[in-house]
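Source file: my_file.cif; contents: mmCIF, C-alpha atoms.
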data_model
#
loop_
_atom_site.label_atom_id
_atom_site.label_comp_id
_atom_site.auth_asym_id
_atom_site.auth_seq_id
_atom_site.Cartn_x
_atom_site.Cartn_y
_atom_site.Cartn_z
CA MET A 168 129.82 92.43 82.51
CA SER A 169 132.11 92.67 85.49
CA ARG A 170 131.55 90.50 88.54
CA PHE A 171 131.04 93.61 90.64
CA ARG A 172 128.05 94.55 88.51
CA ILE A 173 126.67 91.02 88.70
CA LEU A 174 126.91 91.19 92.50
CA LEU A 175 125.39 94.65 92.67
CA ARG A 176 122.49 93.62 90.47
CA ARG A 177 121.80 90.67 92.75
CA GLU A 178 121.85 92.82 95.88
CA LEU A 179 119.44 95.34 94.39
CA ALA A 180 117.15 92.60 93.09
CA LEU A 181 117.08 91.04 96.56
CA VAL A 182 116.15 94.35 98.18
CA MET A 183 113.40 94.87 95.61
CA ARG A 184 112.04 91.37 96.20
CA HIS A 185 111.96 91.83 99.94
CA GLY A 186 110.15 95.04 99.25
CA PHE A 187 109.78 97.55 101.94
CA ASP A 188 113.13 97.54 103.69
CA SER A 189 114.12 100.96 102.45
CA LEU A 190 110.62 102.33 103.06
CA MET A 191 110.94 101.09 106.64
CA VAL A 192 114.16 103.02 107.03
CA ILE A 193 112.49 106.21 105.84
CA ALA A 194 109.50 105.53 108.08
CA PHE A 195 111.79 105.05 111.08
CA PHE A 196 113.60 108.28 110.19
CA ALA A 197 110.26 110.11 110.02
CA VAL A 198 108.95 108.75 113.32
CA ALA A 199 112.21 109.44 115.14
CA ILE A 200 112.22 113.05 113.94
CA VAL A 201 108.55 113.65 114.69
CA LEU A 202 109.08 112.47 118.27
CA PHE A 203 111.44 115.33 119.09
CA PRO A 204 108.90 118.17 119.10
CA PHE A 205 106.93 116.15 121.64
CA GLY A 206 110.01 115.67 123.76
CA VAL A 207 111.56 119.12 123.73
CA GLY A 208 108.40 121.17 123.22
CA PRO A 209 106.99 122.85 120.16
CA ASP A 210 108.92 126.14 120.42
CA PRO A 211 109.91 126.86 116.78
CA ASN A 212 113.12 128.70 117.66
CA MET A 213 114.34 125.88 119.83
CA LEU A 214 113.48 123.28 117.15
CA ALA A 215 115.15 125.25 114.39
CA ARG A 216 118.30 125.51 116.50
CA ILE A 217 118.58 121.77 117.14
CA ALA A 218 117.10 120.66 113.80
CA SER A 219 120.38 119.65 112.17
CA GLY A 220 121.45 117.61 115.19
CA ILE A 221 118.11 115.80 115.27
CA ILE A 222 118.24 114.99 111.57
CA TRP A 223 121.77 113.67 111.75
CA VAL A 224 121.21 111.48 114.77
CA ALA A 225 117.97 110.13 113.26
CA ALA A 226 119.77 109.42 109.98
CA LEU A 227 122.55 107.53 111.79
CA LEU A 228 120.06 105.43 113.72
CA ALA A 229 118.02 104.74 110.59
CA ALA A 230 121.12 103.62 108.72
CA MET A 231 121.97 101.29 111.62
CA LEU A 232 118.62 99.55 111.32
CA SER A 233 119.28 97.67 108.12
CA LEU A 234 122.99 97.06 108.63
CA GLU A 235 122.75 93.81 110.53
CA ARG A 236 120.93 92.05 107.71
CA GLN A 237 123.61 92.99 105.21
CA PHE A 238 125.49 89.68 105.45
CA LEU A 239 123.31 87.64 107.78
CA GLY A 240 121.10 86.11 105.08
CA ASP A 241 124.06 85.03 102.96
CA PHE A 242 125.85 83.74 106.05
CA GLU A 243 122.93 81.61 107.17
CA ASP A 244 122.03 80.01 103.84
CA GLY A 245 125.57 79.21 102.78
CA SER A 246 125.76 81.82 100.01
CA LEU A 247 128.64 83.57 101.74
CA GLU A 248 130.81 80.46 101.42
CA LEU A 249 130.04 80.25 97.72
CA LEU A 250 130.77 83.94 97.27
CA ALA A 251 134.13 83.41 98.97
CA ALA A 252 134.82 80.34 96.82
CA SER A 253 133.81 82.15 93.61
CA PRO A 254 136.30 83.74 91.22
CA ALA A 255 135.07 87.17 92.33
CA GLY A 256 136.49 86.86 95.85
CA LEU A 257 135.15 88.79 98.82
CA PHE A 258 136.40 92.31 98.08
CA PRO A 259 133.85 93.03 95.31
CA VAL A 260 131.21 91.35 97.46
CA ALA A 261 131.92 93.80 100.28
CA ALA A 262 131.99 96.77 97.92
CA ALA A 263 128.77 95.76 96.14
CA LYS A 264 126.97 95.21 99.45
CA ALA A 265 128.01 98.63 100.73
CA LEU A 266 126.95 100.36 97.52
CA ALA A 267 123.62 98.53 97.48
CA HIS A 268 123.05 99.46 101.11
CA TRP A 269 123.70 103.09 100.33
CA LEU A 270 121.47 103.08 97.26
CA THR A 271 118.58 101.60 99.21
CA THR A 272 118.92 103.50 102.51
CA GLY A 273 121.40 106.40 102.38
CA LEU A 274 120.17 107.81 99.10
CA PRO A 275 116.45 107.78 100.01
CA LEU A 276 117.35 109.36 103.39
CA THR A 277 119.28 112.10 101.63
CA VAL A 278 116.38 112.83 99.33
CA ALA A 279 113.79 112.78 102.13
CA ALA A 280 115.81 114.82 104.64
CA PRO A 281 114.84 118.34 103.42
CA LEU A 282 111.17 117.54 104.00
CA PHE A 283 111.81 116.70 107.63
CA ALA A 284 114.17 119.63 107.98
CA LEU A 285 111.29 121.82 106.88
CA ILE A 286 109.04 120.31 109.55
CA LEU A 287 111.61 121.22 112.19
CA GLY A 288 111.96 124.71 110.76
CA LEU A 289 115.57 124.45 109.64
CA ASP A 290 116.84 127.59 107.93
CA GLY A 291 116.08 127.48 104.19
CA ASP A 292 119.63 128.41 103.20
CA ALA A 293 120.94 125.31 104.93
CA MET A 294 118.81 122.83 102.93
CA GLY A 295 121.26 122.44 100.06
CA THR A 296 124.15 122.00 102.45
CA LEU A 297 122.18 119.42 104.44
CA MET A 298 121.58 117.33 101.34
CA LEU A 299 125.14 117.68 100.14
CA ALA A 300 126.53 116.73 103.55
CA LEU A 301 124.19 113.74 103.78
CA ALA A 302 125.10 112.65 100.26
CA LEU A 303 128.78 112.77 101.23
CA SER A 304 128.45 110.99 104.54
CA THR A 305 125.74 108.35 104.19
CA PRO A 306 128.05 106.25 101.97
CA THR A 307 130.61 106.41 104.78
CA LEU A 308 128.00 105.01 107.15
CA SER A 309 127.21 102.15 104.76
CA LEU A 310 130.90 101.33 104.38
CA LEU A 311 131.72 101.48 108.10
CA GLY A 312 128.54 99.61 108.94
CA GLY A 313 129.39 96.87 106.43
CA ALA A 314 132.72 96.26 108.15
CA GLY A 315 130.95 96.13 111.51
CA ALA A 316 128.23 93.80 110.23
CA ALA A 317 130.88 91.45 108.85
CA LEU A 318 132.75 91.44 112.16
CA VAL A 319 129.73 90.47 114.27
CA LEU A 320 128.64 87.64 111.95
CA GLY A 321 128.01 84.52 113.94
CA ALA A 322 127.97 86.37 117.27
CA ARG A 323 124.94 86.08 119.49
CA ARG A 324 123.09 89.37 119.88
CA GLY A 325 124.97 90.59 116.84
CA GLY A 326 122.64 93.55 116.42
CA VAL A 327 123.45 95.11 119.79
CA LEU A 328 127.13 94.37 119.40
CA LEU A 329 127.06 95.96 115.96
CA ALA A 330 125.55 99.16 117.34
CA LEU A 331 128.16 99.33 120.12
CA LEU A 332 130.92 98.71 117.61
CA VAL A 333 129.86 101.05 114.84
CA MET A 334 128.14 103.99 116.56
CA PRO A 335 131.39 105.42 118.01
CA LEU A 336 132.90 105.32 114.53
CA PHE A 337 130.03 107.48 113.30
CA ILE A 338 131.00 110.33 115.65
CA PRO A 339 133.37 112.15 113.26
CA VAL A 340 130.73 112.03 110.54
CA LEU A 341 128.19 113.41 113.00
CA ILE A 342 130.45 116.26 114.14
CA PHE A 343 131.29 117.53 110.68
CA GLY A 344 127.85 116.81 109.25
CA VAL A 345 126.15 118.90 111.91
CA GLY A 346 128.95 121.43 111.63
CA ALA A 347 128.33 121.91 107.92
CA VAL A 348 124.62 122.53 108.39
CA GLU A 349 125.14 124.91 111.34
CA ALA A 350 127.75 126.81 109.36
CA ALA A 351 125.35 127.18 106.44
CA ALA A 352 122.55 128.35 108.74
CA GLY A 353 124.88 130.85 110.42
CA GLY A 354 126.28 132.13 107.14
CA TYR A 355 129.80 130.75 107.60
CA ALA A 356 131.90 128.82 105.10
CA VAL A 357 130.68 125.22 104.70
CA ARG A 358 133.51 124.06 102.51
CA PRO A 359 135.92 122.92 105.25
CA HIS A 360 133.24 120.69 106.76
CA LEU A 361 132.26 119.19 103.43
CA THR A 362 135.89 118.63 102.50
CA ILE A 363 136.47 116.68 105.69
CA LEU A 364 133.30 114.63 105.09
CA GLY A 365 134.59 113.89 101.59
CA GLY A 366 137.94 112.89 103.04
CA LEU A 367 136.27 110.54 105.51
CA LEU A 368 134.32 109.00 102.65
CA LEU A 369 137.45 108.41 100.57
CA MET A 370 139.19 106.83 103.54
CA ALA A 371 136.22 104.57 104.22
CA ALA A 372 135.91 103.66 100.53
CA VAL A 373 139.50 102.45 100.45
CA LEU A 374 139.73 100.75 103.83
CA CYS A 375 136.27 99.40 104.61
CA PRO A 376 135.69 96.91 101.77
CA TRP A 377 139.09 95.47 102.49
CA ALA A 378 138.36 95.18 106.23
CA THR A 379 134.91 93.78 105.48
CA ALA A 380 136.36 91.13 103.16
CA ALA A 381 138.90 90.13 105.82
CA ALA A 382 136.16 89.84 108.45
CA LEU A 383 134.02 87.75 106.10
CA ARG A 384 136.93 85.43 105.47
CA VAL A 385 137.24 84.86 109.22
CA ALA A 386 133.49 84.28 109.53
CA ASN A 387 133.70 81.58 106.85
CA GLU A 388 136.37 79.53 108.61
CA MET J 424 143.00 70.02 84.20
CA LYS J 425 145.27 68.09 86.46
CA LEU J 426 144.83 68.55 90.18
CA GLU J 427 147.57 67.37 92.50
CA VAL J 428 147.36 67.38 96.25
CA ASN J 429 150.53 66.64 98.13
CA ASP J 430 150.84 65.76 101.81
CA LEU J 431 147.95 68.01 102.76
CA ALA J 432 147.17 68.55 106.43
CA CYS J 433 144.23 70.36 107.95
CA GLU J 434 143.64 71.77 111.41
CA ARG J 435 140.46 73.14 112.85
CA GLY J 436 140.56 75.12 116.07
CA GLY J 437 144.10 73.89 116.76
CA HIS J 438 143.12 70.21 116.45
CA PRO J 439 144.45 68.10 113.58
CA VAL J 440 141.66 66.86 111.31
CA PHE J 441 143.73 64.93 108.80
CA ALA J 442 147.33 64.84 107.63
CA GLY J 443 149.34 63.35 104.81
CA VAL J 444 146.57 63.39 102.20
CA THR J 445 148.08 62.88 98.76
CA PHE J 446 146.27 62.27 95.48
CA ALA J 447 146.18 63.32 91.86
CA LEU J 448 143.12 63.82 89.71
CA ASP J 449 143.17 64.03 85.91
CA SER J 450 140.55 65.20 83.45
CA GLY J 451 137.67 62.75 83.49
CA GLY J 452 138.68 61.52 86.94
CA LEU J 453 136.41 60.94 89.88
CA LEU J 454 137.58 60.76 93.47
CA VAL J 455 135.17 59.48 96.07
CA LEU J 456 135.91 60.55 99.64
CA ARG J 457 134.96 58.11 102.32
CA GLY J 458 135.46 57.88 106.04
CA PRO J 459 133.58 58.14 109.31
CA ASN J 460 131.96 61.36 110.53
CA GLY J 461 134.62 63.86 111.51
CA ALA J 462 137.29 62.26 109.35
CA GLY J 463 137.69 65.50 107.41
CA LYS J 464 135.83 64.87 104.17
CA SER J 465 134.11 68.25 104.29
CA SER J 466 137.28 69.95 105.52
CA LEU J 467 139.23 68.60 102.55
CA LEU J 468 136.58 69.82 100.11
CA ARG J 469 136.52 73.23 101.82
CA LEU J 470 140.30 73.54 101.51
CA LEU J 471 140.04 72.73 97.81
CA ALA J 472 137.23 75.28 97.49
CA GLY J 473 139.52 77.97 98.89
CA LEU J 474 137.71 78.29 102.22
CA GLY J 475 140.56 78.30 104.68
CA HIS J 476 144.21 77.37 104.39
CA PRO J 477 145.90 74.01 104.81
CA ALA J 478 148.12 73.59 107.87
CA SER J 479 150.76 72.16 105.55
CA GLY J 480 151.04 70.57 102.12
CA THR J 481 150.36 71.88 98.65
CA ILE J 482 147.56 72.00 96.09
CA THR J 483 148.69 72.39 92.49
CA VAL J 484 146.61 72.85 89.35
CA ASP J 485 148.30 71.97 86.05
CA GLY J 486 151.65 72.23 87.82
CA ARG J 487 151.05 75.65 89.37
CA ALA J 488 150.33 76.22 93.05
CA ALA J 489 146.66 77.02 93.56
CA ASP J 490 147.61 79.97 95.80
CA ASP J 491 149.51 81.64 92.93
CA ASP J 492 146.32 82.59 91.17
CA PRO J 493 143.31 81.83 93.37
CA ALA J 494 140.82 83.48 90.98
CA ALA J 495 141.92 81.34 88.03
CA PHE J 496 141.51 78.17 90.09
CA ALA J 497 138.16 79.43 91.39
CA ALA J 498 136.89 79.93 87.85
CA ARG J 499 137.58 76.27 87.10
CA ARG J 500 135.92 74.68 90.13
CA VAL J 501 132.49 74.75 91.63
CA TYR J 502 131.67 73.83 95.20
CA VAL J 503 128.41 72.42 96.55
CA GLY J 504 128.52 72.38 100.33
CA HIS J 505 126.07 71.16 102.92
CA GLN J 506 123.94 74.26 102.54
CA ASP J 507 122.02 74.85 99.35
CA ALA J 508 122.62 78.62 99.15
CA LEU J 509 119.33 79.36 97.43
CA LYS J 510 117.78 82.78 97.92
CA PRO J 511 114.15 82.17 98.93
CA ALA J 512 112.96 85.28 97.10
CA PHE J 513 114.54 84.31 93.77
CA THR J 514 113.12 81.69 91.43
CA VAL J 515 115.07 78.51 90.87
CA ALA J 516 116.25 79.77 87.46
CA GLU J 517 117.30 83.15 88.89
CA ASN J 518 119.29 81.47 91.63
CA LEU J 519 121.13 79.34 89.09
CA ALA J 520 121.66 82.22 86.68
CA PHE J 521 123.28 84.43 89.34
CA TRP J 522 125.85 81.83 90.36
CA ALA J 523 126.56 80.91 86.74
CA ARG J 524 127.11 84.57 85.82
CA LEU J 525 129.39 85.09 88.80
CA GLN J 526 131.37 82.00 87.89
CA ARG J 527 131.86 83.09 84.29
CA GLY J 528 132.01 86.82 84.82
CA GLY J 529 129.45 87.28 82.05
CA GLU J 530 125.97 86.47 80.85
CA ILE J 531 124.59 82.97 80.56
CA ALA J 532 122.06 81.79 77.96
CA ASP J 533 118.63 80.72 79.18
CA ALA J 534 119.04 77.46 77.28
CA GLU J 535 122.02 76.55 79.43
CA ILE J 536 120.06 77.19 82.63
CA ASP J 537 117.20 75.12 81.27
CA GLY J 538 119.60 72.32 80.35
CA ALA J 539 121.02 72.26 83.88
CA LEU J 540 117.53 72.23 85.38
CA ALA J 541 116.35 69.49 83.02
CA ALA J 542 119.35 67.33 83.94
CA LEU J 543 117.95 67.05 87.45
CA GLY J 544 114.27 67.05 86.54
CA LEU J 545 113.61 70.57 87.77
CA GLN J 546 112.27 72.16 84.59
CA ALA J 547 108.72 72.33 85.98
CA LEU J 548 109.98 74.30 88.99
CA ARG J 549 111.97 76.76 86.88
CA ASP J 550 109.94 79.85 87.83
CA LEU J 551 108.98 78.86 91.34
CA PRO J 552 110.49 80.95 94.15
CA ALA J 553 113.03 78.80 95.97
CA ARG J 554 111.21 79.22 99.29
CA PHE J 555 108.58 76.72 98.10
CA LEU J 556 111.06 73.91 97.39
CA SER J 557 111.29 70.74 99.47
CA ALA J 558 114.63 69.60 100.91
CA GLY J 559 115.22 67.19 98.03
CA GLN J 560 114.29 69.80 95.44
CA ARG J 561 116.64 72.29 97.05
CA ARG J 562 119.43 69.74 96.91
CA ARG J 563 118.73 69.13 93.23
CA ALA J 564 118.75 72.87 92.56
CA ALA J 565 122.14 73.13 94.28
CA LEU J 566 123.47 70.33 92.07
CA ALA J 567 121.98 71.96 88.98
CA ARG J 568 123.98 75.04 90.00
CA ALA J 569 127.16 72.97 89.65
CA ILE J 570 126.12 71.94 86.13
CA ALA J 571 125.20 75.48 85.09
CA ALA J 572 128.51 76.83 86.40
CA GLY J 573 130.28 75.02 83.58
CA ALA J 574 133.41 74.43 85.67
CA ASP J 575 135.98 71.67 85.12
CA LEU J 576 136.13 70.46 88.70
CA TRP J 577 133.11 69.67 90.84
CA LEU J 578 133.58 69.60 94.61
CA LEU J 579 130.47 67.95 96.01
CA ASP J 580 129.91 67.49 99.72
CA GLU J 581 127.34 64.77 100.41
CA PRO J 582 125.47 65.58 97.17
CA THR J 583 123.04 62.69 97.57
CA ASN J 584 121.56 63.82 100.89
CA ALA J 585 117.76 64.06 100.72
CA LEU J 586 117.65 62.75 97.13
CA ASP J 587 115.07 60.11 96.19
CA ALA J 588 115.86 57.18 93.89
CA PRO J 589 114.94 58.87 90.56
CA SER J 590 116.89 62.01 91.50
CA LEU J 591 119.84 59.89 92.50
CA GLU J 592 119.76 58.32 89.06
CA ALA J 593 119.53 61.72 87.39
CA PHE J 594 122.49 62.91 89.44
CA GLU J 595 124.52 59.84 88.51
CA ALA J 596 123.75 60.46 84.85
CA ALA J 597 124.73 64.14 85.10
CA LEU J 598 127.96 63.22 86.87
CA GLY J 599 128.69 60.62 84.21
CA ARG J 600 128.20 63.17 81.41
CA HIS J 601 130.44 65.66 83.24
CA LEU J 602 133.23 63.09 83.55
CA ASP J 603 132.79 61.86 79.96
CA GLY J 604 133.07 65.47 78.82
CA GLY J 605 136.51 65.76 80.38
CA GLY J 606 135.44 67.21 83.71
CA SER J 607 136.54 65.86 87.05
CA ALA J 608 134.87 65.59 90.42
CA ILE J 609 135.61 65.01 94.07
CA VAL J 610 132.60 63.70 95.92
CA SER J 611 132.20 62.92 99.60
CA THR J 612 129.50 60.40 100.22
CA HIS J 613 128.23 57.56 102.36
CA VAL J 614 126.50 55.82 99.47
CA ALA J 615 127.94 54.39 96.26
CA VAL J 616 128.49 57.08 93.64
CA GLY J 617 129.88 56.91 90.13
CA GLY J 618 129.62 53.15 89.81
CA GLU J 619 133.00 51.52 89.33
CA ARG J 620 134.80 54.43 87.76
CA GLY J 621 135.89 56.41 90.79
CA ALA J 622 139.04 56.09 92.83
CA VAL J 623 138.32 55.97 96.53
CA LEU J 624 140.18 57.94 99.17
CA THR J 625 139.41 56.86 102.69
CA LEU J 626 140.15 59.38 105.40
CA GLY J 627 140.83 57.92 108.83
CA ASN J 628 139.56 59.39 112.03
CA ALA J 629 142.30 61.53 113.52
CA ALA J 630 140.50 61.99 116.82
#
Would you mind writing the structure in this file as structure tokens?
Amino acid sequence: MSRFRILLRRELALVMRHGFDSLMVIAFFAVAIVLFPFGVGPDPNMLARIASGIIWVAALLAAMLSLERQFLGDFEDGSLELLAASPAGLFPVAAAKALAHWLTTGLPLTVAAPLFALILGLDGDAMGTLMLALALSTPTLSLLGGAGAALVLGARRGGVLLALLVMPLFIPVLIFGVGAVEAAAGGYAVRPHLTILGGLLLMAAVLCPWATAAALRVANE
Amino acid sequence: MKLEVNDLACERGGHPVFAGVTFALDSGGLLVLRGPNGAGKSSLLRLLAGLGHPASGTITVDGRAADDDPAAFAARRVYVGHQDALKPAFTVAENLAFWARLQRGGEIADAEIDGALAALGLQALRDLPARFLSAGQRRRAALARAIAAGADLWLLDEPTNALDAPSLEAFEAALGRHLDGGGSAIVSTHVAVGGERGAVLTLGNAA
């Protein structure tokens, strides 16, 4: 069994033990989305037009929620030092954390999104594209967020700092994610948008674990 | 394994902590680190554990620089720092099993976990979530982790903190077995450890 799998299994077991973290993320997502009709009024046409934007922003915020905890527990109880001192090194740690974060927040969000899209009256043709775009971009959020969470370790008010640091990096994902859904609803080609989202994911997958590992190394010194 | 440390110097935040530390440690060897608070006992152990880089000097393992193959060196040492690194949600056995698997890169038999727990009198707490442990029990669990890791070199930072007299005895016995079995250990401590067998390295206060 590779060390990456050992690490991943531990992360998932920890999430399961702590129980409802991923349910909380979905609940936050639901509440955030349900608030919009109260804010902008219940006009179905208006809601359908802004539905994709609402869903994407709510998904970004929901993903932010659980990011801060990603390394904090291990940092505080000394596990992070042992992980760094272990034969695995920090790169697989960073990769396993990001994957576990996606499996427990991004994936449930992706699966739940069509339900909320329906509530907002999003065009039926766009549902598939919405899920595909979310599936391609929520891992990017987990990867970028992991690097951010590692950077703010040990800082006071790390949570706020993390949001300020990471949210701007989410903008490209937001632009092309919303773009894909709007294109699908309007009957245009969605492929360019999805391709760019895929490209962003590949870039994040290569660069972020490395950056995260470097930031963790600094935090340990 | 033969560990050689040559003219090692350590800085923290631009301030020198210690310099000119030289020693060699063979299989079966014990090195006891002594010195006042702030003398750099923990810093030396952290450098050996791969947490941070020395300001100057070299660490070699069996004649090869430790930096040449950090993962190979890491697989042969285990570090117990000030913090116990137990996940409150996991049971004592699960905590141990995770670190042992990570150390070996493979599965570990339950019997080995049980053996490590028994060595420090923790077998009754095997399936208790770590959040219910007392400070002394947590310390013993952290030391049992070192046993379960099955590594040649133990790096123990103040291992006897919070231990009561029977636990101290159990720890001494476990350390003795480790050394008799060809393992080696570097231990920082304020109390006597390892009886007469250890060499003592006293770090001065650089401040």
#### Entry: Residues of chain A within 10 Å of chain J, only C-alpha atoms counted, as an MDAnalysis selection string
chainID A and resid 168:174 176:177 180:185 240:256 384:385 387:388
### Query
Which residues match the PyMOL selection byres ((chain J and resi 605) around 9) in the file above, as a list in words?
Met424, Asp449, Ser450, Gly451, Gly452, Asp575, Arg600, His601, Leu602, Asp603, Gly604, Gly606 and Ser607 of chain J
Skip Ala351 (chain A) itself and residues of its chain fewer than 4 positions away, then list as a short mmCIF file (atom, residue, chain, number, x, y, z; two decimals) with C-alpha atoms, in the frame of the given file all residues within 7 Å of it, counting all atoms listed in the file.
data_model
loop_
_atom_site.label_atom_id
_atom_site.label_comp_id
_atom_site.auth_asym_id
_atom_site.auth_seq_id
_atom_site.Cartn_x
_atom_site.Cartn_y
_atom_site.Cartn_z
CA ASP A 292 119.63 128.41 103.20
CA ALA A 293 120.94 125.31 104.93
CA THR A 296 124.15 122.00 102.45
CA ALA A 347 128.33 121.91 107.92
CA TYR A 355 129.80 130.75 107.60
CA ALA A 356 131.90 128.82 105.10
CA VAL A 357 130.68 125.22 104.70
#
### the PyMOL selection byres ((chain A and resi 268) around 9) resolved against shown file, as a ChimeraX atom specification
/A:178-179,230,233-234,237,263-267,269-273,306,309-310,313
#### Entry: Test item: the PyMOL selection byres ((chain J and resi 561-569) around 8) resolved as a ChimeraX atom specification
/J:501-503,507-509,515,519,522-523,539-540,542-543,545,553,556-560,570-574,577,582-586,590,594
#### Entry: CA of Thr362 (chain A) to CA of Met294 (chain A), distance in Å rounded to a single decimal
17.6 Å
Can you tell me, as AutoDock Vina command-line options, the centre and edge lengths (Å, one decimal) of the axis-aligned box enclosing all of region 367-372 of chain A's listed atoms after padding each side by 8 Å?
--center_x 136.8 --center_y 107.1 --center_z 103.0 --size_x 20.9 --size_y 22.9 --size_z 21.0
### Query
So how far away is CA of Thr481 (chain J) from CA of Ala432 (chain J), in Å?
9.0 Å
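The space separating CA of Ile193 (chain A) from CA of Leu228 (chain A) comes to 11.0 Å.
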Residues near region 612-615 of chain J, cut-off 8 Å, all atoms listed in the file, skip fewer than 5 positions along chain, as a tab-separated table (two decimals) with C-alpha atoms, keeping the file's coordinate frame:
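Final file, part-v2.tsv:
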chain	number	residue	atom	x	y	z
J	455	VAL	CA	135.17	59.48	96.07
J	456	LEU	CA	135.91	60.55	99.64
J	457	ARG	CA	134.96	58.11	102.32
J	580	ASP	CA	129.91	67.49	99.72
J	581	GLU	CA	127.34	64.77	100.41
J	582	PRO	CA	125.47	65.58	97.17
J	583	THR	CA	123.04	62.69	97.57
### Message
Which residues are near Val278 (chain A)? Cut-off 10 Å, only C-alpha atoms, ignore same chain within fewer than 6 positions. Put them as a PyMOL selection string.
### Response
chain A and resi 298+301-302
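Candidate residues A:Leu282, A:Met213, A:Leu329, A:Leu368 were compared for distance to Leu303 (chain A), and the nearest is A:Leu368, using only C-alpha atoms.
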### Task
Dump as a VMD selection string all residues having an atom at most 6 Å from (115.1, 108.2, 111.6), computed in the file's coordinates with all atoms listed in the file.
chain A and resid 195 to 197 199 225 to 226 229
Residues from last step as file, C-alpha atoms, as a short mmCIF file (atom, residue, chain, number, x, y, z; two decimals), in the frame of the given file:
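Saved result, selection_29.cif, follows:
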data_model
loop_
_atom_site.label_atom_id
_atom_site.label_comp_id
_atom_site.auth_asym_id
_atom_site.auth_seq_id
_atom_site.Cartn_x
_atom_site.Cartn_y
_atom_site.Cartn_z
CA PHE A 195 111.79 105.05 111.08
CA PHE A 196 113.60 108.28 110.19
CA ALA A 197 110.26 110.11 110.02
CA ALA A 199 112.21 109.44 115.14
CA ALA A 225 117.97 110.13 113.26
CA ALA A 226 119.77 109.42 109.98
CA ALA A 229 118.02 104.74 110.59
#
Since the input is missing atoms for region 434-445 of chain J, could you rebuild it with N, CA and C atoms and give the result as a PDB file, keeping the file's coordinate frame?
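Generated file (out_22.pdb):
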ATOM      1  N   GLU J 434     143.936  71.604 109.985  1.00  0.00           N
ATOM      2  CA  GLU J 434     143.640  71.770 111.410  1.00  0.00           C
ATOM      3  C   GLU J 434     142.393  72.605 111.550  1.00  0.00           C
ATOM      4  N   ARG J 435     141.599  72.277 112.536  1.00  0.00           N
ATOM      5  CA  ARG J 435     140.460  73.140 112.850  1.00  0.00           C
ATOM      6  C   ARG J 435     140.475  73.432 114.334  1.00  0.00           C
ATOM      7  N   GLY J 436     140.519  74.718 114.662  1.00  0.00           N
ATOM      8  CA  GLY J 436     140.560  75.120 116.070  1.00  0.00           C
ATOM      9  C   GLY J 436     141.746  74.523 116.796  1.00  0.00           C
ATOM     10  N   GLY J 437     142.897  74.388 116.116  1.00  0.00           N
ATOM     11  CA  GLY J 437     144.100  73.890 116.760  1.00  0.00           C
ATOM     12  C   GLY J 437     144.184  72.367 116.811  1.00  0.00           C
ATOM     13  N   HIS J 438     143.100  71.679 116.428  1.00  0.00           N
ATOM     14  CA  HIS J 438     143.120  70.210 116.450  1.00  0.00           C
ATOM     15  C   HIS J 438     143.370  69.681 115.035  1.00  0.00           C
ATOM     16  N   PRO J 439     144.237  68.678 114.899  1.00  0.00           N
ATOM     17  CA  PRO J 439     144.450  68.100 113.580  1.00  0.00           C
ATOM     18  C   PRO J 439     143.197  67.345 113.122  1.00  0.00           C
ATOM     19  N   VAL J 440     142.804  67.571 111.855  1.00  0.00           N
ATOM     20  CA  VAL J 440     141.660  66.860 111.310  1.00  0.00           C
ATOM     21  C   VAL J 440     142.147  65.696 110.454  1.00  0.00           C
ATOM     22  N   PHE J 441     143.068  65.996 109.549  1.00  0.00           N
ATOM     23  CA  PHE J 441     143.730  64.930 108.800  1.00  0.00           C
ATOM     24  C   PHE J 441     145.117  65.412 108.438  1.00  0.00           C
ATOM     25  N   ALA J 442     145.971  64.495 108.042  1.00  0.00           N
ATOM     26  CA  ALA J 442     147.330  64.840 107.630  1.00  0.00           C
ATOM     27  C   ALA J 442     147.778  63.839 106.578  1.00  0.00           C
ATOM     28  N   GLY J 443     148.731  64.260 105.774  1.00  0.00           N
ATOM     29  CA  GLY J 443     149.340  63.350 104.810  1.00  0.00           C
ATOM     30  C   GLY J 443     148.416  62.903 103.700  1.00  0.00           C
ATOM     31  N   VAL J 444     147.470  63.760 103.299  1.00  0.00           N
ATOM     32  CA  VAL J 444     146.570  63.390 102.200  1.00  0.00           C
ATOM     33  C   VAL J 444     147.258  63.713 100.872  1.00  0.00           C
ATOM     34  N   THR J 445     147.422  62.708 100.052  1.00  0.00           N
ATOM     35  CA  THR J 445     148.080  62.880  98.760  1.00  0.00           C
ATOM     36  C   THR J 445     147.246  62.185  97.686  1.00  0.00           C
TER      37      THR J 445
END
